[in-house]
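**Q** Below is one structure. I have some questions about it.
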Amino acid sequence: MSFFEYLDSPYPIREDIKTEFTKFWQRLAQPGSWWTGAERIAIARETRSAISCSFCAERKQALSPYNVLGEHDSDSQLDTAAVDAVHRIITDQNRITRAWVESLPQSGISTEAYVELAGIVVCVFSIDEFHRTLGLDLENLPEAVAGAPSNYRPAQAEPGTGFVPMLPREGLTGPEENLWPNGRNANVIRALSLVPEAVRDWLALGSAIYLSVEGMANLVGQEDRAINRMQMELIAARVSAINECFY
Amino acid sequence: MTTKTDVDLQGVNGDQEAATVGIPYGKELMLLAEAVATGNQELLKETRQNLVHQAGASVLVDAAGVAANFQRMVRIADSMGIPVDDMESDLGKSVRSELDLTRFASAANTLQA
């Protein structure tokens, strides 16, 4: 089955965008580090349900997200805690706290599984947002590939930055030796590094729909983009401001 | 290398006139970004059509990519609770002050870290 062909798109979609979206869809279907392929697809499906979840809308209006009880509009077989995690990341992300993240293992979601879940959610959401922005139908989700998660946890991950352990800025070894592109190790790159594959996913997608990390050093603009860097940063900053993102 | 172009940062906070300073199609791009981030589908349809009319389809596609990317980035930052890397740079201090960013709840991830 082919994905992201954009045969009916009224707009010209760059080939690198088609390629990276398709590659991500293929990875999405595979067993991950802490979730099976079927669970990863379920997380993707739940990402879509969160957009129109009536409980999320009610909770968003509450002074505290913990003052409102109810059930999410769910479209998957994920357990309740996983559904809630997906919906929070999509609809109420700036009220996620360390205490809530650290409580997740008591609900059966390890910290490593939370990081992988978040990595899936943000990539699927990003691809879907691209489609919604252009008024295009969302792409069909892929069929899950059978198999068990690898349970791979990078040995060098350490607490101290943010809510979850991350790989250090310097001295990466083994499979993670070249994880930081050109040595760039900002916290937003490190954020998902408890699951290195999630970092690789975000870097690959970002290079197509925004810029590669190397390309970010070019403050003028790339020849293969129709908008210059100032235009890009205006969009980026306005989206971030509305989302109330301090980072 | 930079463009040495003067811009008005208040475009980031939604000032339409400020968004036009030094940035081609700044107002149209800013309004598209607002429509994406608020999820307002009617506004999105209107701003999409306006941007295509003013700037062309390729501009719309690349703008959609950037907006989609930052819908993702803010959620990575907030769900993992990462602090700002360097709170001491003069440029960063200036931007945070001019845009009054400490009003955001997620500032606590940096200021209380």
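Scheme for the structure tokens: letters A, B, ... for chains in order shown; per-chain residue numbers from 1; ligand numbers from 1 in order shown.
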Set the distance at 12 Å and use only C-alpha atoms: which residues neighbour Ala18 in chain B once local chain neighbours fewer than 5 positions away are removed? I'd like the list as a ChimeraX atom specification.

**A** /A:234 /B:6-13,23-28,30

**Q** I need the residue nearest Lys18 in chain A from this list: B:Ser106, B:Asp15, B:Val21, B:Gly65. Use only C-alpha atoms for the distance.

**A**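 Looking at the shortest contact to Lys18 in chain A, the residue is B:Gly65.
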
**Q** I'd like the contact shell of Pro83 in chain B - 8 Å cut-off, only C-alpha atoms, skipping same-chain residues fewer than 3 positions apart - returned as a list of chain:residue names.

**A**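 Residues meeting the cut-off are A:Thr161, A:Gly162, A:Asn187, A:Tyr247, B:Asn109, B:Thr110, B:Leu111, B:Ala113.
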
**Q** Of the residues B:Thr47, B:Ser89, B:Ser58, B:Gln112, which is the one nearest to chain A, using only C-alpha atoms?

**A** B:Ser58

**Q** Select residues of chain A: the criterion is any atom within 7 Å of an atom of chain B, counting only C-alpha atoms; output as a count of residues only.

**A** 49

**Q** Show me, as a ChimeraX atom specification, the residues that have an atom within 9 Å of Glu71 in chain A when counting only C-alpha atoms, minus same-chain residues fewer than 2 positions from it.

**A** /A:54-56,69,73-74,80,84

**Q** Leaving out Ile189 in chain A and any residue of its chain fewer than 5 positions from it, which residues lie within 9 Å of it when counting only C-alpha atoms, given as a PyMOL selection string?

**A** chain A and resi 180+184+199+202-203

**Q** Could you tell me how far CA of Glu42 in chain B lies from CA of Val121 in chain A, in Å and to one decimal?

**A** 24.7 Å

**Q** In Å, rounded to a single decimal, give me how far CA of Gly37 in chain A is from CA of Ala144 in chain A.

**A**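 Taking CA of Ala144 in chain A as the start and CA of Gly37 in chain A as the end point, the length is 4.9 Å.
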
**Q** Can you tell me, as a count of residues only, which residues in range 116-239 of chain A count as alpha helix (DSSP H) by DSSP?

**A** 48

**Q** To one decimal place, how far is CA of Pro142 in chain A from CA of Arg40 in chain A in Å?

**A** 10.3 Å
